[in-house]
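Asks: Dumping the structure here so I can ask a few things about it.
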Amino acid sequence: MSPNNHTSRVSDPSLKYELWVVLLLCCILSITEFGLRSAEANLSGNLRHVNQIPDIASKLNADTPAVLFLGNSLTNNAIDLQAFNRPYSILHGAAPRSVEKITPDGTSLSDWFCIYRNFIGTQQNPPKVVIVGFAWAQLSDQYPVNSARLGGLFCSLGDVPELAHTGLARYENILTFTVGAVSHVYLNREAIRNRALDLLIPSYRDVSQAINAESNQGGDDSAAIPGSRHYTYATFRRFSELVTRAGTRLVIMAMPVQNAYEVDPTFLTVIERYDVTLIDLRHMPGLDASQFKDPIHLNALGRKIFSRTLAEILDAQTVSRSD
Amino acid sequence: MLFNSFVFWFFLAIVLALYRFLPHKYQNRMLLVASYVFYGYWDYRFLSLIFASTLIDYLVANWIHDSRAQSRKRNILLVSLVANLGLLGFFKYYNFFSQELAGMLAGIGITLPLPVLNIVLPVGISFYTFQTMSYTIDVYRGVTRPTRSFPDFALYVSFFPQLVAGPIERSNHLLPQILRPRSATTEQFIEGLYHILFGLFKKVVVADNMAPIVNHVFSRPVTELTGPEIMLGIYAFAFQIYGDFSGYSSIAQGIAKWMGFDLSWNFKMPYLSSSPSEFWQRWHITLSQWLRDYLYIPLGGNRGGPANTQRNLMLTMLLGGLWHGAAWTFVIWGFYHGLLLMIYRLGEYVGSVTGIRQPSSRLFRILNVVFFFHLICISWLLFRAESMGQVWNMLTTVATNHTVTDLTRYGFAMLLFFVAPFMVLEFWIEKSGDLLRVVNSHWLFRSAVYLYFAMMIWVFPPLANQAFIYFQF
């Protein structure tokens with residue numbers, strides 16, 4: 001048909017039927033939303049872990065003194081709680097009654113700030129030691145934030161002013177934060193998408209990861225190369241004040257990854273002014289490429305080596321304090 | 001503000017709420033302010049440019065109308081053309097032409113150190129300069145009367161739904177709508193809802209999901225690619241650019257409908273075309289009509305015999321290619337389309353002289369459409385590639401390397417998942433001859449289609465937001 005012969009008139013403009021359409025749409029979307037909320041934890045191991053955060057917080061509160069590892073998959077893949085516990089208890093006698101990790105994937109300081117503020121810091125007995133694992137510029141204000149995740153999982157509206165120095169300060173991110181808080185379908189779209197496409201698309205995981213790695217320049221935040229950008233740490237200051245105000249000791253670990261990175265000299269200046277211990281584990285003895293399962297995550301053997309060595313280092317720094 | 005951003009929809013909600021309760025005169029003023037806020041959100045520095053272009057053409061049009069002598073009218077019109085083309089030429093083409101000139105002179109031993117400027121291309125400049133030029137030209141031709149209201153004219157230039165990527169609206173279509181009182185009817189609400197949902201689907205679901213595949217293929221050295229991978233990249237780009245651009249136009253149409261405005265159709269299922277002339281009646285319709293009315297016809301159109309017609313077609317397509325960007329690949333893209341037009345016209349002429357007719361069977365029509373789609377895909381290779389060397393190497397690899405890889409299987413499955421339903425819908429619309437077939441179907445069916453759009457938009461956007469391709473023009 002010639003494009004000049006196409007018609008374009010609404011033949012039956014009935015507001016009644018259009019409102020039925022909109023209503024039906026809203027109903028089905030709402031049902032989907034509620035259905036997803038009830039099955040959310042089954043979407044991924046990461047979401048299961050996120051759902052466990054309140055229980056972990058309660059355990060830390062009940063089994064004091066406690067040690068908390070806070071971080072993302074870097075820390076999760078580096079810490080073997082069993083391997084960390086045994087040498088630690090041998091070395092100290094007064095072992096912590098509870099050692100837990102809260103390490104949701106892809107998170108950074110903005111997420112950890114909200115997790116601590118809303119789940120851990122509200123408990124009567126905060127942990128004695130909080131150990132945060134990071135790499136690159138994950139502790140800077142400039143590290144990209146996932147606004148929907150912040151709004152949907154970890155933060156409340158009251159946290160937004162606290163994160164004003166981060167990327168959350170932009171209008172688009174605040175709106176995305178709000179949408180993430182309201183719609184868990186939107187919040188979990190990445191998990192849903194990956195699940196569905198993994199079933200339907202051949203080689204989905206491998207090819208997607210390759211494409212993403214290429215567009216993200218290796219999976220790390222390559223923009224976070226100290227010296228190439230100016231970083232600020234207002235959020236980290238607030239975080240360290242939050243953690244240490246009840247006497248908790250804050251330890252920061254620079255994590256080992258296969259591609260070397262620098263620790264921002266500005267950050268070193270910031271932590272000097274606060275009661276924060278930095279342990280540089282980027283070149284941990286005993287770790288080489290064979291202990292990594294990918295460019296940034298340790299494998300099972302690497303995890304054991306890292307955990308034991310970390311316990312010895314902490315012991316040498318007499319981090320642990322008896323009650 | 002991108003149309004697929006939350007901040008835009010928040011902005012639109014405020015604009016629509018204000019619009020609903022304001023009388024006509026203040027509606028226009030409010031829309032003008034909103035349009036400038038919208039444009040300034042991209043980069044406030046370029047507000048002065050659009051204002052200057054608006055002011056010049058407002059004054060020029062009224063001077064032309066008030067002048068009696070034709071020669072004087074022509075001279076005043078030249079002011080508008082020089083100003084608009086000068087703006088466009090400086091911001092878009094200065095570096096390209098200065099580098100080419102320096103290169104050419106260096107080739108004959110002359111060193112001319114022309115400065116290379118760090119020029120940021122103002123978003124939408126190609127669109128609004130063409131829109132305002134059409135206004136002054138139409139006033140000169142007596143086709144349209146100029147408006148004496150500067151704010152209303154400024155709104156015609158800067159109307160935010162179509163400001164940064166069209167449709168390019170003629171003054172005799174959009175300006176009367178601005179000047180008369182309007183309110184959105186039920187019909188316009190219904191149609192607007194369809195355009196917005198469909199537009200977001202085309203942009204967020206179709207175009208943005210193709211973008212990572214396209215970038216992945218075109219950023220790698222050709223030696224690392226196989227023929228099927230390159231074909232995948234080309235097909236993916238064909239749907240990326242179509243979804244991106246037609247999605248934007250649809251959203252613009254829908255938003256305008258909700259305010260009682262009728263914007264022009266810019267796309268009518270172009271990939272179902274079977275010839276270049278049909279393609280240009282379906283793809284970026286407002287640009288091709290602009291080029292026809294202000295370039296092709298003034299050059300002589302088809303009035304000077306076959307040779308002049310072919311020349312005029314080629315010149316129009318060359319300049320059309322250059323409009324898209326300051327690079328030789330765009331010029332060659334335009335040349336390629338001009339060549340296609342010429343060849344098909346020649347074929348029609350031969351057919352008319354010899355009496356040989358194309359088979360009228362449905363199968364032949366389908367094959368014709370598929371064949372022509374692949375001719376268009378070659379043009380998209382020219383459009384997307386970074387150099388002619390890359391084009392040549394890719395075409396050679398397609399012809400010689402037929403290895404199917406994981407990427408190929410992945411990519412074609414993604415095309416099937418994201419693009420196939422879209423093309424089925426387009427085919428169904430085309431077959432019905434009704435551009436609003438979805439709107440005019442049973443409300444339950446319409447609900448199912450909208451639900452599909454909504455779920456895909458909400459759940460299946462890609463992992464990173466992609467910019468609109470046509471913003472670079």
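Just so we're on the same page: first chain in the structure tokens is A, next is B, and so on; residues restart at 1 for each chain, and ligands are numbered from 1 in the order they show up.
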Near region 90-102 of chain B, within 12 Å and counting only C-alpha atoms, which residues show up once chain neighbours fewer than 3 positions away are dropped, as a ChimeraX atom specification?
Replies: /B:46,49,82-87,105-126,129,322-328,472-473
Asks: Determine which residues of region 195-303 of chain A receive a DSSP assignment of strand (DSSP E), computed from the backbone, and state them as a PyMOL selection string.
Replies: chain A and resi 249-254+276-280
Asks: I want to know what sits within 10 Å of Phe418 (chain B), based on only C-alpha atoms, with residues of the same chain fewer than 4 positions away left out; could you give that as a PyMOL selection string?
Replies: chain B and resi 201-202+205-207+209-210+239+412-414+422-423+456+460
Asks: Hey, list the chain B side of the contact with chain A: 8 Å cut-off, only C-alpha atoms, answer as a PyMOL selection string.
Replies: chain B and resi 5-7+186-187+190-191+212-213+216+268+278+281-282+406-407+409-410+413-414+430-431+433-436+439-440+443-444+446-447+450-451+455+458-460+463
Asks: For region 370-384 of chain B, work out the shell of residues within 7 Å, counting only C-alpha atoms and skipping chain neighbours fewer than 3 positions away, then give it as a list in words.
Replies: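 The neighbour list is Ile234, Tyr235, Ala238, Tyr271, Ser274, Ser275, Thr329, Phe330, Trp333, Tyr336, Ile366, Leu367 and Val391 of chain B.
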Asks: So how many Å separate CA of Arg97 (chain A) and CA of Thr64 (chain A), to one decimal?
Replies: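 Atom-to-atom, CA of Arg97 (chain A) and CA of Thr64 (chain A) are spaced 5.8 Å apart.
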Asks: Return the single residue from B:Gly247, B:Gly254, B:Gly103, B:Gly89 that is closest to Gln188 (chain B), with distances computed using only C-alpha atoms.
Replies: B:Gly254
Asks: What's around Pro161 (chain A) at 12 Å? Count only C-alpha atoms, leave out sequence neighbours fewer than 5 positions away in its own chain, and write the answer as JSON, numbers by chain.
Replies: {"A": [110, 114, 155, 156, 166, 167, 168, 169, 170, 174, 234, 235, 238]}
Asks: List every residue of region 73-164 of chain B that DSSP, applied to the backbone of this structure, places in helix (DSSP H, G or I), and write the result as a VMD selection string.
Replies: chain B and resid 73 to 107 125 to 141 150 to 158 160 to 163
Asks: When you draw a straight line from CA of Tyr233 (chain A) to CA of Ser140 (chain A), how long is it in Å?
Replies: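 Those two atoms sit 5.1 Å apart.
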Asks: Do you have the CA of Ile178 (chain B)-CA of Ser250 (chain B) distance handy?
Replies: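 Interatomic distance, CA of Ile178 (chain B) to CA of Ser250 (chain B): 19.8 Å.
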Asks: Name all residues at most 8 Å from region 8-25 of chain B (count only C-alpha atoms; drop same-chain ones fewer than 3 positions away) and give them as an MDAnalysis selection string.
Replies: chainID B and resid 1:5 28:31 34 180:182 259
Asks: How would the residues just chosen look if you wrote them out with C-alpha atoms as an mmCIF file, in the first residue's frame?
Replies:
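So the final result, stored in selection00.cif, reads:
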```
data_model
loop_
_atom_site.group_PDB
_atom_site.id
_atom_site.type_symbol
_atom_site.label_atom_id
_atom_site.label_comp_id
_atom_site.auth_asym_id
_atom_site.auth_seq_id
_atom_site.Cartn_x
_atom_site.Cartn_y
_atom_site.Cartn_z
ATOM 1 C CA MET B 1 16.096 15.821 29.434
ATOM 2 C CA LEU B 2 15.708 12.553 27.604
ATOM 3 C CA PHE B 3 12.162 11.416 26.875
ATOM 4 C CA ASN B 4 12.978 8.126 28.606
ATOM 5 C CA SER B 5 14.117 9.790 31.838
ATOM 6 C CA ASN B 28 1.332 29.519 24.985
ATOM 7 C CA ARG B 29 3.475 31.615 27.312
ATOM 8 C CA MET B 30 3.813 28.735 29.732
ATOM 9 C CA LEU B 31 4.737 26.352 26.917
ATOM 10 C CA ALA B 34 8.721 25.229 29.497
ATOM 11 C CA ARG B 180 -5.895 29.249 17.924
ATOM 12 C CA PRO B 181 -7.391 28.117 21.236
ATOM 13 C CA ARG B 182 -7.152 24.389 21.751
ATOM 14 C CA MET B 259 -1.895 19.239 24.599
#
```
Asks: For region 144-159 of chain B, list every protein, DNA or RNA residue within 8 Å, evaluated using only C-alpha atoms, and leave out those in the same chain fewer than 4 positions away; present the list as a list of chain:residue names.
Replies: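 These residues fall inside the cut-off: B:Asn28, B:Arg29, B:Leu31, B:Leu32, B:Ser35, B:Tyr36, B:Ile50, B:Phe51, B:Thr54, B:Leu55, B:Tyr58, B:Ala61, B:Asn62, B:His65, B:Tyr128, B:Gln131, B:Thr132, B:Tyr135, B:Asp138, B:Val139, B:Leu163, B:Ser171, B:Asn172, B:Leu174, B:Leu175, B:Ile178, B:Leu179.
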